[in-house]
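The block underneath contains the structure these notes are about, expressed in structure tokens.
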Amino acid sequence: MKILKIIMLFFLIVLTSCVSQKKYTDLQNQKDRFENDLATCKNEQLILDANLLNEQNKVAKLENQLVYFKSTNTNLLERLSDLSIVSKSGAESIKKSLEALNQQNKYIMDLTTSMQRKDSLNLVLVMNLKRSLDNFDDEDINIEVKKGVVYVSISDKMLFKSGSYNLSPKSKEVIGKIAKIINDHKALDILVEGHTDNVPIYTDCMLDNWDLSVKRATSIVRLMQKEFGVQPERMTAGGRSKYIPKDTNETKEGRAKNRRTEIIILPKLDQFFNLLETPKAPIKS
């Protein structure tokens with residue numbers, strides 16, 4: 001019995017010893033698995049951290065790009081706005097320039113038409129005057145167009161005695177024919193200018209050549225008004241004395257050419273100045 005108890009105790013010790021070793025092995029294996037799992041988790045965590053950092057870097061880059069694009073877009077919008085303003089301003093400037101050019105072209109066309117009309121009228125005047133005065137010597141009467149107007153230059157021997165402003169009988173025939181042409185063109189004005197040579201003159205009635213040239217011009221104007229009905233408001237009388245000679249005063253022939261009366265037929269002064277006036281720019285509303 002005692003031996004039996006000893007044997008059973010032995011088997012119990014052996015059995016207990018076997019179970020403890022197995023549990024230990026199992027625990028050791030479980031510990032190894034846990035450690036492997038922990039190592040795996042740590043590796044995965046490192047990978048996740050690396051991926052997270054990479055994604056964060058990507059996000060940061062995208063945010064920087066977004067800021068850049070927003071800034072660029074703002075600049076583009078501002079430049080587009082500026083360009084729009086410049087375009088509108090440029091279009092308005094071009095429009096104004098075109099309007100000015102059109103107005104200038106119209107002015108030039110009107111001026112050209114007026115000048116052509118005036119030139120045609122001058123040609124008619126010259127032809128009519130030459131036809132009317134064709135029986136007089138060309139050396140005594142010269143008809144020409146100068147500076148855009150008609151000049152009738154008459155030598156003093158056809159109109160006056162030497163040193164006098166009293167009209168000769170023959171002067172009425174000459175002035176009468178000129179006055180008839182003038183009365184046919186009532187839209188024109190007449191300037192009568194007296195010219196002398198450089199020989200000094202002094203009498204009880206005249207102080208100098210200024211006096212003589214003016215009195216000769218007024219004599220013609222009075223004759224045209226009183227004898228031939230030329231309206232006085234159309235006429236101007238002026239004296240130029242010796243200061244605008246046609247030829248030299250050193251010879252007898254030259255002095256004879258310088259002693260003359262010029263009847264200048266020209267547009268009415270108000271119409272003339274209106275013709276030259278620059279058109280005013282239209283008032284912008």
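Simple scheme: letters A, B, ... for chains in structure tokens order, numbers from 1 for residues in each chain, numbers from 1 for ligands in the order shown.
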- [ ] From a DSSP pass on the backbone, collect the residues of stretch 72-165 of chain A flagged as strand (DSSP E or B) and hand them back as a VMD selection string.
- [x] chain A and resid 141 to 146 149 to 155 160
Could you please take those selected residues and save N, CA, C and O atoms as a CSV table (one decimal), in the first residue's frame?
```
chain,number,residue,atom,x,y,z
A,141,ILE,N,-5.0,148.5,-119.8
A,141,ILE,CA,-5.9,147.8,-118.9
A,141,ILE,C,-5.4,146.3,-118.9
A,141,ILE,O,-5.2,145.7,-119.9
A,142,ASN,N,-5.1,145.9,-117.7
A,142,ASN,CA,-4.7,144.5,-117.5
A,142,ASN,C,-5.7,143.8,-116.5
A,142,ASN,O,-6.0,144.2,-115.4
A,143,ILE,N,-6.2,142.6,-117.0
A,143,ILE,CA,-7.1,141.8,-116.2
A,143,ILE,C,-6.5,140.5,-115.9
A,143,ILE,O,-6.1,139.8,-116.8
A,144,GLU,N,-6.4,140.1,-114.6
A,144,GLU,CA,-5.8,138.9,-114.2
A,144,GLU,C,-6.4,138.4,-112.9
A,144,GLU,O,-7.0,139.2,-112.2
A,145,VAL,N,-6.1,137.1,-112.6
A,145,VAL,CA,-6.5,136.5,-111.3
A,145,VAL,C,-5.2,136.4,-110.5
A,145,VAL,O,-4.3,135.7,-110.9
A,146,LYS,N,-5.2,137.1,-109.3
A,146,LYS,CA,-4.1,137.0,-108.4
A,146,LYS,C,-4.6,136.7,-107.0
A,146,LYS,O,-5.6,137.3,-106.6
A,149,VAL,N,-8.4,136.1,-106.5
A,149,VAL,CA,-9.4,137.2,-106.8
A,149,VAL,C,-9.0,137.8,-108.1
A,149,VAL,O,-7.9,137.7,-108.6
A,150,VAL,N,-10.0,138.6,-108.7
A,150,VAL,CA,-9.8,139.2,-110.0
A,150,VAL,C,-9.3,140.7,-109.8
A,150,VAL,O,-9.9,141.4,-109.0
A,151,TYR,N,-8.2,141.0,-110.5
A,151,TYR,CA,-7.6,142.3,-110.5
A,151,TYR,C,-7.8,143.0,-111.9
A,151,TYR,O,-7.5,142.4,-112.9
A,152,VAL,N,-8.4,144.2,-111.8
A,152,VAL,CA,-8.4,145.0,-113.1
A,152,VAL,C,-7.5,146.2,-112.8
A,152,VAL,O,-7.8,147.1,-112.0
A,153,SER,N,-6.4,146.3,-113.5
A,153,SER,CA,-5.4,147.3,-113.3
A,153,SER,C,-5.5,148.3,-114.5
A,153,SER,O,-5.4,147.9,-115.7
A,154,ILE,N,-5.8,149.6,-114.2
A,154,ILE,CA,-6.0,150.6,-115.2
A,154,ILE,C,-4.9,151.7,-115.1
A,154,ILE,O,-4.7,152.2,-113.9
A,155,SER,N,-4.2,152.0,-116.1
A,155,SER,CA,-3.2,153.1,-116.1
A,155,SER,C,-3.8,154.4,-115.8
A,155,SER,O,-5.0,154.7,-116.2
A,160,PHE,N,-6.9,159.8,-115.2
A,160,PHE,CA,-6.6,161.1,-114.6
A,160,PHE,C,-5.5,161.8,-115.4
A,160,PHE,O,-4.7,161.2,-116.1
```
Open item on the list: Need the shell around stretch 181-198 of chain A: protein/DNA/RNA residues with any atom at most 9 Å away, counting only C-alpha atoms. Skip same-chain ones fewer than 4 positions apart. Format as a PyMOL selection string?
Closed with: chain A and resi 125+128-129+132+156+176-177+209-210+212-218+220-221+228-231+233-245+249+254-269
TODO: Return the single residue from A:Thr25, A:Asn36, A:Thr72, A:Ala179 that is closest to A:Lys226, with distances computed using only C-alpha atoms.
DONE: A:Ala179
TODO: Rank A:Asp119, A:Val174, A:Ile201, A:Gly90 by their smallest atom-to-atom distance to A:Asp140, using only C-alpha atoms, and report the top residue only.
DONE: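 Ranking A:Asp119, A:Val174, A:Ile201, A:Gly90 by distance to A:Asp140, first place goes to A:Val174.
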Task: Residue set, stretch 38-226 of chain A restricted to helix (DSSP H, G or I), as number ranges by chain - done: A: 38-132, 156-158, 169-183, 209-226
TODO: Could you check how far atom CA of A:Asn135 sits from atom CA of A:Pro232, in Å to one decimal?
DONE: 28.0 Å
